[in-house]
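Shown next: structure14.cif, given as mmCIF, N, CA and C atoms, pLDDT in the B column; chains and numbers go by the auth columns.
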```cif
data_entry
#
loop_
_atom_site.group_PDB
_atom_site.id
_atom_site.type_symbol
_atom_site.label_atom_id
_atom_site.label_comp_id
_atom_site.label_asym_id
_atom_site.label_seq_id
_atom_site.Cartn_x
_atom_site.Cartn_y
_atom_site.Cartn_z
_atom_site.B_iso_or_equiv
_atom_site.auth_seq_id
_atom_site.auth_asym_id
ATOM 1 N N GLU A 1 38.952 104.575 160.694 49.00 1 X
ATOM 2 C CA GLU A 1 38.212 104.148 159.518 49.00 1 X
ATOM 3 C C GLU A 1 36.751 104.523 159.669 49.00 1 X
ATOM 4 N N LEU A 2 36.158 104.943 158.563 55.00 2 X
ATOM 5 C CA LEU A 2 34.759 105.359 158.563 55.00 2 X
ATOM 6 C C LEU A 2 33.841 104.156 158.706 55.00 2 X
ATOM 7 N N ASP A 3 32.891 104.257 159.602 59.00 3 X
ATOM 8 C CA ASP A 3 31.897 103.206 159.787 59.00 3 X
ATOM 9 C C ASP A 3 30.847 103.355 158.693 59.00 3 X
ATOM 10 N N GLN A 4 30.737 102.377 157.811 59.00 4 X
ATOM 11 C CA GLN A 4 29.831 102.447 156.670 59.00 4 X
ATOM 12 C C GLN A 4 28.364 102.583 157.076 59.00 4 X
ATOM 13 N N ARG A 5 28.027 102.301 158.330 64.00 5 X
ATOM 14 C CA ARG A 5 26.645 102.473 158.775 64.00 5 X
ATOM 15 C C ARG A 5 26.265 103.934 158.883 64.00 5 X
ATOM 16 N N TYR A 6 27.257 104.839 158.891 72.00 6 X
ATOM 17 C CA TYR A 6 26.982 106.247 159.112 72.00 6 X
ATOM 18 C C TYR A 6 27.052 107.104 157.861 72.00 6 X
ATOM 19 N N LEU A 7 27.639 106.609 156.797 79.00 7 X
ATOM 20 C CA LEU A 7 27.729 107.390 155.565 79.00 7 X
ATOM 21 C C LEU A 7 27.917 106.447 154.397 79.00 7 X
ATOM 22 N N GLU A 8 27.147 106.670 153.339 82.00 8 X
ATOM 23 C CA GLU A 8 27.211 105.809 152.156 82.00 8 X
ATOM 24 C C GLU A 8 26.962 106.680 150.927 82.00 8 X
ATOM 25 N N SER A 9 27.710 106.433 149.871 84.00 9 X
ATOM 26 C CA SER A 9 27.515 107.186 148.641 84.00 9 X
ATOM 27 C C SER A 9 26.199 106.786 147.997 84.00 9 X
ATOM 28 N N LYS A 10 25.496 107.763 147.421 87.00 10 X
ATOM 29 C CA LYS A 10 24.271 107.456 146.684 87.00 10 X
ATOM 30 C C LYS A 10 24.593 106.810 145.330 87.00 10 X
ATOM 31 N N ASP A 11 25.792 107.045 144.831 87.00 11 X
ATOM 32 C CA ASP A 11 26.240 106.440 143.576 87.00 11 X
ATOM 33 C C ASP A 11 26.895 105.102 143.907 87.00 11 X
ATOM 34 N N GLU A 12 26.293 104.016 143.459 83.00 12 X
ATOM 35 C CA GLU A 12 26.794 102.681 143.811 83.00 12 X
ATOM 36 C C GLU A 12 28.189 102.387 143.258 83.00 12 X
ATOM 37 N N GLY A 13 28.659 103.180 142.292 84.00 13 X
ATOM 38 C CA GLY A 13 29.987 102.969 141.729 84.00 13 X
ATOM 39 C C GLY A 13 31.106 103.591 142.550 84.00 13 X
ATOM 40 N N ILE A 14 30.755 104.275 143.635 86.00 14 X
ATOM 41 C CA ILE A 14 31.746 104.955 144.465 86.00 14 X
ATOM 42 C C ILE A 14 31.869 104.234 145.801 86.00 14 X
ATOM 43 N N GLU A 15 33.106 104.046 146.233 85.00 15 X
ATOM 44 C CA GLU A 15 33.345 103.397 147.518 85.00 15 X
ATOM 45 C C GLU A 15 34.187 104.311 148.406 85.00 15 X
ATOM 46 N N ILE A 16 33.738 104.517 149.631 85.00 16 X
ATOM 47 C CA ILE A 16 34.525 105.280 150.607 85.00 16 X
ATOM 48 C C ILE A 16 35.566 104.317 151.163 85.00 16 X
ATOM 49 N N ILE A 17 36.844 104.632 150.950 86.00 17 X
ATOM 50 C CA ILE A 17 37.889 103.701 151.385 86.00 17 X
ATOM 51 C C ILE A 17 38.612 104.152 152.645 86.00 17 X
ATOM 52 N N GLY A 18 38.357 105.371 153.082 82.00 18 X
ATOM 53 C CA GLY A 18 38.962 105.840 154.316 82.00 18 X
ATOM 54 C C GLY A 18 38.502 107.246 154.623 82.00 18 X
ATOM 55 N N ALA A 19 38.598 107.618 155.895 79.00 19 X
ATOM 56 C CA ALA A 19 38.189 108.965 156.283 79.00 19 X
ATOM 57 C C ALA A 19 38.795 109.316 157.631 79.00 19 X
ATOM 58 N N SER A 20 38.957 110.609 157.843 77.00 20 X
ATOM 59 C CA SER A 20 39.377 111.128 159.144 77.00 20 X
ATOM 60 C C SER A 20 38.427 112.278 159.456 77.00 20 X
ATOM 61 N N SER A 21 38.745 113.057 160.457 70.00 21 X
ATOM 62 C CA SER A 21 37.856 114.155 160.824 70.00 21 X
ATOM 63 C C SER A 21 37.822 115.256 159.767 70.00 21 X
ATOM 64 N N ASP A 22 38.836 115.328 158.897 75.00 22 X
ATOM 65 C CA ASP A 22 38.857 116.412 157.913 75.00 22 X
ATOM 66 C C ASP A 22 39.092 115.967 156.478 75.00 22 X
ATOM 67 N N MET A 23 39.186 114.664 156.227 81.00 23 X
ATOM 68 C CA MET A 23 39.427 114.179 154.860 81.00 23 X
ATOM 69 C C MET A 23 38.673 112.891 154.604 81.00 23 X
ATOM 70 N N MET A 24 38.432 112.633 153.320 84.00 24 X
ATOM 71 C CA MET A 24 37.801 111.385 152.921 84.00 24 X
ATOM 72 C C MET A 24 38.477 110.908 151.642 84.00 24 X
ATOM 73 N N ALA A 25 38.806 109.628 151.587 87.00 25 X
ATOM 74 C CA ALA A 25 39.378 109.027 150.387 87.00 25 X
ATOM 75 C C ALA A 25 38.292 108.190 149.726 87.00 25 X
ATOM 76 N N ILE A 26 38.084 108.428 148.441 89.00 26 X
ATOM 77 C CA ILE A 26 37.006 107.775 147.712 89.00 26 X
ATOM 78 C C ILE A 26 37.586 107.071 146.490 89.00 26 X
ATOM 79 N N ASP A 27 37.163 105.820 146.296 90.00 27 X
ATOM 80 C CA ASP A 27 37.526 105.064 145.102 90.00 27 X
ATOM 81 C C ASP A 27 36.399 105.269 144.099 90.00 27 X
ATOM 82 N N LEU A 28 36.696 105.926 142.986 89.00 28 X
ATOM 83 C CA LEU A 28 35.685 106.203 141.971 89.00 28 X
ATOM 84 C C LEU A 28 35.470 105.035 141.024 89.00 28 X
ATOM 85 N N GLY A 29 36.198 103.958 141.223 85.00 29 X
ATOM 86 C CA GLY A 29 36.052 102.806 140.335 85.00 29 X
ATOM 87 C C GLY A 29 36.435 103.188 138.917 85.00 29 X
ATOM 88 N N THR A 30 35.628 102.812 137.957 88.00 30 X
ATOM 89 C CA THR A 30 35.912 103.151 136.555 88.00 30 X
ATOM 90 C C THR A 30 35.465 104.565 136.209 88.00 30 X
ATOM 91 N N ASN A 31 34.829 105.245 137.151 88.00 31 X
ATOM 92 C CA ASN A 31 34.400 106.638 137.020 88.00 31 X
ATOM 93 C C ASN A 31 33.526 106.872 135.783 88.00 31 X
ATOM 94 N N PRO A 32 32.426 106.132 135.658 87.00 32 X
ATOM 95 C CA PRO A 32 31.574 106.293 134.466 87.00 32 X
ATOM 96 C C PRO A 32 30.904 107.667 134.357 87.00 32 X
ATOM 97 N N HIS A 33 30.795 108.403 135.472 89.00 33 X
ATOM 98 C CA HIS A 33 30.180 109.730 135.435 89.00 33 X
ATOM 99 C C HIS A 33 31.199 110.825 135.144 89.00 33 X
ATOM 100 N N GLY A 34 32.479 110.476 135.080 91.00 34 X
ATOM 101 C CA GLY A 34 33.516 111.453 134.779 91.00 34 X
ATOM 102 C C GLY A 34 33.748 112.458 135.883 91.00 34 X
ATOM 103 N N TYR A 35 33.601 112.036 137.149 91.00 35 X
ATOM 104 C CA TYR A 35 33.840 112.944 138.269 91.00 35 X
ATOM 105 C C TYR A 35 35.251 113.485 138.226 91.00 35 X
ATOM 106 N N LYS A 36 35.388 114.758 138.625 90.00 36 X
ATOM 107 C CA LYS A 36 36.706 115.388 138.690 90.00 36 X
ATOM 108 C C LYS A 36 36.765 116.270 139.932 90.00 36 X
ATOM 109 N N VAL A 37 37.940 116.758 140.245 86.00 37 X
ATOM 110 C CA VAL A 37 38.134 117.606 141.422 86.00 37 X
ATOM 111 C C VAL A 37 37.170 118.786 141.357 86.00 37 X
ATOM 112 N N GLY A 38 36.470 119.026 142.456 87.00 38 X
ATOM 113 C CA GLY A 38 35.526 120.134 142.545 87.00 38 X
ATOM 114 C C GLY A 38 34.084 119.733 142.309 87.00 38 X
ATOM 115 N N ASP A 39 33.851 118.531 141.787 90.00 39 X
ATOM 116 C CA ASP A 39 32.478 118.061 141.585 90.00 39 X
ATOM 117 C C ASP A 39 31.837 117.708 142.924 90.00 39 X
ATOM 118 N N TYR A 40 30.524 117.784 142.970 90.00 40 X
ATOM 119 C CA TYR A 40 29.777 117.415 144.166 90.00 40 X
ATOM 120 C C TYR A 40 29.397 115.938 144.114 90.00 40 X
ATOM 121 N N LEU A 41 29.508 115.276 145.248 89.00 41 X
ATOM 122 C CA LEU A 41 29.049 113.904 145.403 89.00 41 X
ATOM 123 C C LEU A 41 27.949 113.929 146.452 89.00 41 X
ATOM 124 N N THR A 42 26.991 113.030 146.340 89.00 42 X
ATOM 125 C CA THR A 42 25.911 112.981 147.317 89.00 42 X
ATOM 126 C C THR A 42 26.015 111.710 148.139 89.00 42 X
ATOM 127 N N PHE A 43 25.605 111.832 149.403 86.00 43 X
ATOM 128 C CA PHE A 43 25.686 110.724 150.344 86.00 43 X
ATOM 129 C C PHE A 43 24.364 110.571 151.055 86.00 43 X
ATOM 130 N N LYS A 44 24.129 109.397 151.568 85.00 44 X
ATOM 131 C CA LYS A 44 22.962 109.166 152.420 85.00 44 X
ATOM 132 C C LYS A 44 23.471 108.692 153.767 85.00 44 X
ATOM 133 N N THR A 45 22.713 109.040 154.785 84.00 45 X
ATOM 134 C CA THR A 45 23.123 108.691 156.135 84.00 45 X
ATOM 135 C C THR A 45 21.890 108.406 156.990 84.00 45 X
ATOM 136 N N PRO A 46 21.978 107.431 157.867 82.00 46 X
ATOM 137 C CA PRO A 46 20.855 107.185 158.780 82.00 46 X
ATOM 138 C C PRO A 46 20.862 108.231 159.904 82.00 46 X
ATOM 139 N N TYR A 47 19.913 108.118 160.792 85.00 47 X
ATOM 140 C CA TYR A 47 19.732 109.108 161.861 85.00 47 X
ATOM 141 C C TYR A 47 21.010 109.367 162.659 85.00 47 X
ATOM 142 N N MET A 48 21.690 108.336 163.114 82.00 48 X
ATOM 143 C CA MET A 48 22.869 108.537 163.968 82.00 48 X
ATOM 144 C C MET A 48 23.992 109.245 163.213 82.00 48 X
ATOM 145 N N GLY A 49 24.137 108.955 161.946 80.00 49 X
ATOM 146 C CA GLY A 49 25.132 109.661 161.143 80.00 49 X
ATOM 147 C C GLY A 49 24.776 111.129 160.983 80.00 49 X
ATOM 148 N N ALA A 50 23.492 111.406 160.713 83.00 50 X
ATOM 149 C CA ALA A 50 23.035 112.791 160.569 83.00 50 X
ATOM 150 C C ALA A 50 23.192 113.544 161.884 83.00 50 X
ATOM 151 N N LEU A 51 22.896 112.888 162.989 86.00 51 X
ATOM 152 C CA LEU A 51 23.047 113.521 164.301 86.00 51 X
ATOM 153 C C LEU A 51 24.498 113.933 164.536 86.00 51 X
ATOM 154 N N GLY A 52 25.428 113.044 164.225 81.00 52 X
ATOM 155 C CA GLY A 52 26.843 113.364 164.392 81.00 52 X
ATOM 156 C C GLY A 52 27.281 114.520 163.501 81.00 52 X
ATOM 157 N N LEU A 53 26.807 114.526 162.252 80.00 53 X
ATOM 158 C CA LEU A 53 27.160 115.604 161.332 80.00 53 X
ATOM 159 C C LEU A 53 26.587 116.949 161.786 80.00 53 X
ATOM 160 N N MET A 54 25.333 116.938 162.188 85.00 54 X
ATOM 161 C CA MET A 54 24.681 118.191 162.572 85.00 54 X
ATOM 162 C C MET A 54 25.221 118.764 163.876 85.00 54 X
ATOM 163 N N ASN A 55 25.771 117.926 164.727 88.00 55 X
ATOM 164 C CA ASN A 55 26.325 118.404 166.002 88.00 55 X
ATOM 165 C C ASN A 55 27.797 118.761 165.920 88.00 55 X
ATOM 166 N N SER A 56 28.437 118.512 164.792 84.00 56 X
ATOM 167 C CA SER A 56 29.861 118.788 164.660 84.00 56 X
ATOM 168 C C SER A 56 30.109 120.259 164.345 84.00 56 X
ATOM 169 N N PRO A 57 30.987 120.906 165.093 88.00 57 X
ATOM 170 C CA PRO A 57 31.316 122.296 164.783 88.00 57 X
ATOM 171 C C PRO A 57 32.224 122.408 163.547 88.00 57 X
ATOM 172 N N TYR A 58 32.735 121.297 163.069 82.00 58 X
ATOM 173 C CA TYR A 58 33.662 121.293 161.936 82.00 58 X
ATOM 174 C C TYR A 58 32.969 121.101 160.591 82.00 58 X
ATOM 175 N N ILE A 59 31.650 120.919 160.604 82.00 59 X
ATOM 176 C CA ILE A 59 30.890 120.693 159.380 82.00 59 X
ATOM 177 C C ILE A 59 30.068 121.934 159.086 82.00 59 X
ATOM 178 N N ASP A 60 30.239 122.512 157.874 86.00 60 X
ATOM 179 C CA ASP A 60 29.391 123.624 157.453 86.00 60 X
ATOM 180 C C ASP A 60 28.027 123.090 157.080 86.00 60 X
ATOM 181 N N LYS A 61 26.988 123.775 157.510 86.00 61 X
ATOM 182 C CA LYS A 61 25.622 123.372 157.203 86.00 61 X
ATOM 183 C C LYS A 61 24.946 124.443 156.381 86.00 61 X
ATOM 184 N N GLU A 62 24.126 124.021 155.432 85.00 62 X
ATOM 185 C CA GLU A 62 23.355 124.948 154.619 85.00 62 X
ATOM 186 C C GLU A 62 21.975 124.345 154.410 85.00 62 X
ATOM 187 N N VAL A 63 20.963 125.052 154.844 83.00 63 X
ATOM 188 C CA VAL A 63 19.590 124.587 154.687 83.00 63 X
ATOM 189 C C VAL A 63 19.099 125.068 153.322 83.00 63 X
ATOM 190 N N ILE A 64 18.652 124.111 152.516 84.00 64 X
ATOM 191 C CA ILE A 64 18.147 124.470 151.186 84.00 64 X
ATOM 192 C C ILE A 64 16.744 123.951 150.992 84.00 64 X
#
```

Would it be possible to restate this file's structure as structure tokens?
Amino acid sequence: ELDQRYLESKDEGIEIIGASSDMMAIDLGTNPHGYKVGDYLTFKTPYMGALGLMNSPYIDKEVI
């Protein structure tokens, strides 16, 4: 199970309900923004979460 201290949706209507090393299950609630497959979601993470993401060889990184 994903530790909520390491990743949180910026959209308060979205809840992360589970995750593994290669998948994440998200509850969109009533989906007021009309999210669909292929849309981008944004997340915020504290330092330790960012450190884990940046050191993972399984995460693609793009500096913008």

Enumerate, as a PyMOL selection string, the complete set of residues in chain X that a backbone-based DSSP assignment places in strand (DSSP E or B).
chain X and resi 8-9+15-19+24-27+43-44

Which is closest to Gly13 in chain X among X:Gly38, X:Pro46, X:Pro57, X:Gly29, if we use only C-alpha atoms?
X:Gly29

Which residues, written as a PyMOL selection string, have at least one atom at most 12 Å from Pro32 in chain X, with only C-alpha atoms counted and residues fewer than 4 positions away on the same chain left out?
chain X and resi 11-14+28+36

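Proximity of X:Leu41, X:Ile59, X:Tyr47, X:Tyr35 to Lys10 in chain X, computed with only N, CA and C atoms, is greatest for X:Leu41.
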
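Here atom N of Asp60 in chain X stands at a distance of 15.8 Å from atom C of Asp39 in chain X.
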
Identify which of the residues X:Asn31, X:Ser9, X:Ser21, X:Thr45 lies closest to Tyr58 in chain X, counting all atoms listed in the file when measuring atom-to-atom distances.
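Looking at the shortest contact to Tyr58 in chain X, the residue is X:Ser21.
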